[in-house]
$ cat query.pdb   # PDB, C-alpha atoms, pLDDT in the B column
ATOM      1  CA  MET A1119      53.797  82.994  60.844  1.00 53.00           C
ATOM      2  CA  THR A1120      56.514  85.569  61.507  1.00 55.00           C
ATOM      3  CA  ALA A1121      60.036  84.324  62.075  1.00 57.00           C
ATOM      4  CA  HIS A1122      61.859  85.375  65.225  1.00 54.00           C
ATOM      5  CA  PRO A1123      64.472  88.033  64.426  1.00 56.00           C
ATOM      6  CA  GLY A1124      68.109  87.027  64.483  1.00 56.00           C
ATOM      7  CA  ARG A1125      70.254  87.944  67.456  1.00 53.00           C
ATOM      8  CA  ALA A1126      71.676  91.048  65.777  1.00 52.00           C
ATOM      9  CA  ASP A1127      68.187  92.301  64.934  1.00 51.00           C
ATOM     10  CA  ALA A1128      66.890  91.588  68.437  1.00 51.00           C
ATOM     11  CA  CYS A1129      69.742  93.515  70.056  1.00 51.00           C
ATOM     12  CA  ALA A1130      69.110  96.499  67.805  1.00 49.00           C
ATOM     13  CA  VAL A1131      65.782  97.012  69.592  1.00 51.00           C
ATOM     14  CA  ILE A1132      67.673  97.857  72.806  1.00 49.00           C
ATOM     15  CA  ASP A1133      69.266 101.239  72.308  1.00 54.00           C
ATOM     16  CA  ARG A1134      70.875 103.647  74.718  1.00 54.00           C
ATOM     17  CA  HIS A1135      67.563 105.465  75.179  1.00 58.00           C
ATOM     18  CA  SER A1136      65.936 102.381  76.691  1.00 74.00           C
ATOM     19  CA  ARG A1137      68.647 102.022  79.344  1.00 86.00           C
ATOM     20  CA  GLN A1138      68.000 103.217  82.878  1.00 92.00           C
ATOM     21  CA  ARG A1139      70.553 104.293  85.455  1.00 95.00           C
ATOM     22  CA  TYR A1140      70.066 102.882  88.952  1.00 95.00           C
ATOM     23  CA  GLU A1141      71.634 103.522  92.324  1.00 96.00           C
ATOM     24  CA  ILE A1142      71.364 100.493  94.587  1.00 96.00           C
ATOM     25  CA  VAL A1143      72.361 101.056  98.216  1.00 97.00           C
ATOM     26  CA  VAL A1144      73.483  98.142 100.386  1.00 97.00           C
ATOM     27  CA  ARG A1145      74.466  97.964 104.046  1.00 97.00           C
ATOM     28  CA  GLY A1146      78.186  97.747 104.761  1.00 96.00           C
ATOM     29  CA  ARG A1147      81.287  98.609 102.838  1.00 94.00           C
ATOM     30  CA  LEU A1148      81.886  96.266  99.915  1.00 93.00           C
ATOM     31  CA  SER A1149      85.520  95.664  99.061  1.00 88.00           C
ATOM     32  CA  SER A1150      86.862  96.031  95.543  1.00 83.00           C
ATOM     33  CA  ARG A1151      86.766  92.233  95.111  1.00 85.00           C
ATOM     34  CA  TYR A1152      83.002  92.534  94.650  1.00 87.00           C
ATOM     35  CA  GLU A1153      83.477  94.653  91.510  1.00 85.00           C
ATOM     36  CA  SER A1154      83.932  91.501  89.424  1.00 85.00           C
ATOM     37  CA  ALA A1155      80.725  90.011  90.854  1.00 87.00           C
ATOM     38  CA  PHE A1156      78.790  93.052  89.638  1.00 88.00           C
ATOM     39  CA  ASP A1157      80.198  93.554  86.158  1.00 84.00           C
ATOM     40  CA  GLY A1158      79.403  96.966  84.725  1.00 86.00           C
ATOM     41  CA  THR A1159      78.695  98.594  88.079  1.00 91.00           C
ATOM     42  CA  ARG A1160      80.637 101.171  90.031  1.00 93.00           C
ATOM     43  CA  LEU A1161      80.931 100.722  93.804  1.00 94.00           C
ATOM     44  CA  VAL A1162      80.841 103.941  95.820  1.00 94.00           C
ATOM     45  CA  PRO A1163      81.397 103.416  99.588  1.00 94.00           C
ATOM     46  CA  ARG A1164      80.123 106.020 102.065  1.00 91.00           C
ATOM     47  CA  ASN A1165      78.828 106.172 105.657  1.00 92.00           C
ATOM     48  CA  GLY A1166      78.707 102.429 106.365  1.00 95.00           C
ATOM     49  CA  GLN A1167      76.934 101.735 103.089  1.00 97.00           C
ATOM     50  CA  THR A1168      77.920 101.092  99.493  1.00 96.00           C
ATOM     51  CA  THR A1169      76.111 102.481  96.461  1.00 96.00           C
ATOM     52  CA  LEU A1170      76.202 100.375  93.313  1.00 95.00           C
ATOM     53  CA  ARG A1171      75.748 102.571  90.247  1.00 94.00           C
ATOM     54  CA  ALA A1172      74.699 100.725  87.118  1.00 93.00           C
ATOM     55  CA  VAL A1173      73.141 101.347  83.733  1.00 94.00           C
ATOM     56  CA  LEU A1174      70.702  98.522  83.037  1.00 93.00           C
ATOM     57  CA  ILE A1175      68.805  97.730  79.868  1.00 91.00           C
ATOM     58  CA  ASP A1176      65.628  96.383  81.450  1.00 91.00           C
ATOM     59  CA  GLN A1177      64.011  95.163  84.653  1.00 91.00           C
ATOM     60  CA  SER A1178      65.177  91.596  84.135  1.00 93.00           C
ATOM     61  CA  GLN A1179      68.765  92.822  84.346  1.00 93.00           C
ATOM     62  CA  LEU A1180      67.850  94.765  87.515  1.00 94.00           C
ATOM     63  CA  TYR A1181      66.285  91.644  89.046  1.00 95.00           C
ATOM     64  CA  GLY A1182      69.393  89.649  88.142  1.00 94.00           C
ATOM     65  CA  LEU A1183      71.557  92.151  90.009  1.00 95.00           C
ATOM     66  CA  LEU A1184      69.202  92.100  93.010  1.00 96.00           C
ATOM     67  CA  ASN A1185      69.218  88.286  93.010  1.00 96.00           C
ATOM     68  CA  ARG A1186      73.017  88.277  93.035  1.00 95.00           C
ATOM     69  CA  LEU A1187      72.998  90.590  96.073  1.00 95.00           C
ATOM     70  CA  ARG A1188      70.575  88.224  97.804  1.00 96.00           C
ATOM     71  CA  ASP A1189      72.658  85.158  96.919  1.00 95.00           C
ATOM     72  CA  LEU A1190      75.763  86.791  98.409  1.00 94.00           C
ATOM     73  CA  GLY A1191      73.875  87.655 101.607  1.00 95.00           C
ATOM     74  CA  ILE A1192      74.254  91.411 101.107  1.00 96.00           C
ATOM     75  CA  GLU A1193      71.553  93.471 102.818  1.00 97.00           C
ATOM     76  CA  LEU A1194      69.630  95.766 100.488  1.00 97.00           C
ATOM     77  CA  VAL A1195      68.821  99.276 101.748  1.00 97.00           C
ATOM     78  CA  SER A1196      67.264 100.944  98.683  1.00 97.00           C
ATOM     79  CA  VAL A1197      66.893 100.882  94.907  1.00 96.00           C
ATOM     80  CA  ASN A1198      66.514 104.212  93.126  1.00 95.00           C
ATOM     81  CA  LEU A1199      66.168 105.274  89.535  1.00 93.00           C
ATOM     82  CA  ALA A1200      68.930 107.866  89.119  1.00 90.00           C
ATOM     83  CA  ALA A1201      68.757 111.121  87.213  1.00 81.00           C
ATOM     84  CA  GLU A1202      69.660 110.934  83.544  1.00 67.00           C
ATOM     85  CA  THR A1203      73.253 111.823  82.731  1.00 57.00           C
ATOM     86  CA  ASP A1204      75.482 111.261  79.738  1.00 51.00           C
ATOM     87  CA  ASP A1205      78.131 109.336  81.668  1.00 51.00           C
ATOM     88  CA  ALA A1206      77.979 105.567  82.149  1.00 47.00           C
ATOM     89  CA  ALA A1207      78.075 103.872  85.525  1.00 45.00           C
TER      90      ALA A1207
END
$ encode --input "query.pdb" --output "structure tokens"
Amino acid sequence: MTAHPGRADACAVIDRHSRQRYEIVVRGRLSSRYESAFDGTRLVPRNGQTTLRAVLIDQSQLYGLLNRLRDLGIELVSVNLAAETDDAA
């Protein structure tokens, strides 16, 4: 039987090439106080909507972010995989 890798070994599997950049658009203008609720995201308000820009390591992290939006009662408009760039969200 193979032992489960230690935490350090497991994290090494996730590198910067496996990360995906997403743009999540929600209805309304989110204030800066929401930045702490969405750690690691950048809020970009425009035209009655707010775009959350985030670099996520996998779909479970994406679903966690979407669940947080739902729990806060924030209306989702769209979720898009953004073009690859070198800068972080």
$ closest_residue --input "query.pdb" --among "A:Ser1136, A:Arg1151, A:Val1197, A:Arg1145" --to "Tyr1181 in chain A" --atoms "all atoms listed in the file"
A:Val1197
$ closest_residue --input "query.pdb" --among "A:Leu1187, A:Ala1172, A:Ala1200, A:Ile1142" --to "Asp1157 in chain A" --atoms "all atoms listed in the file"
A:Ala1172
$ atom_distance --input "query.pdb" --atom1 "CA of Glu1141 in chain A" --atom2 "CA of Leu1184 in chain A"
11.7 Å
$ residues_around --input "query.pdb" --residues "range 1162-1166 of chain A" --least-positions-apart "3" --cutoff "10 Å" --atoms "only C-alpha atoms" --output "list in words"
Glu1141, Val1143, Val1144, Arg1145, Gly1146, Arg1147, Leu1148, Ser1149, Ser1150, Thr1159, Thr1169, Leu1170 and Arg1171 of chain A
$ atom_distance --input "query.pdb" --atom1 "CA of Arg1186 in chain A" --atom2 "CA of Arg1139 in chain A"
17.9 Å
$ atom_distance --input "query.pdb" --atom1 "CA of Leu1174 in chain A" --atom2 "CA of Tyr1152 in chain A"
17.9 Å
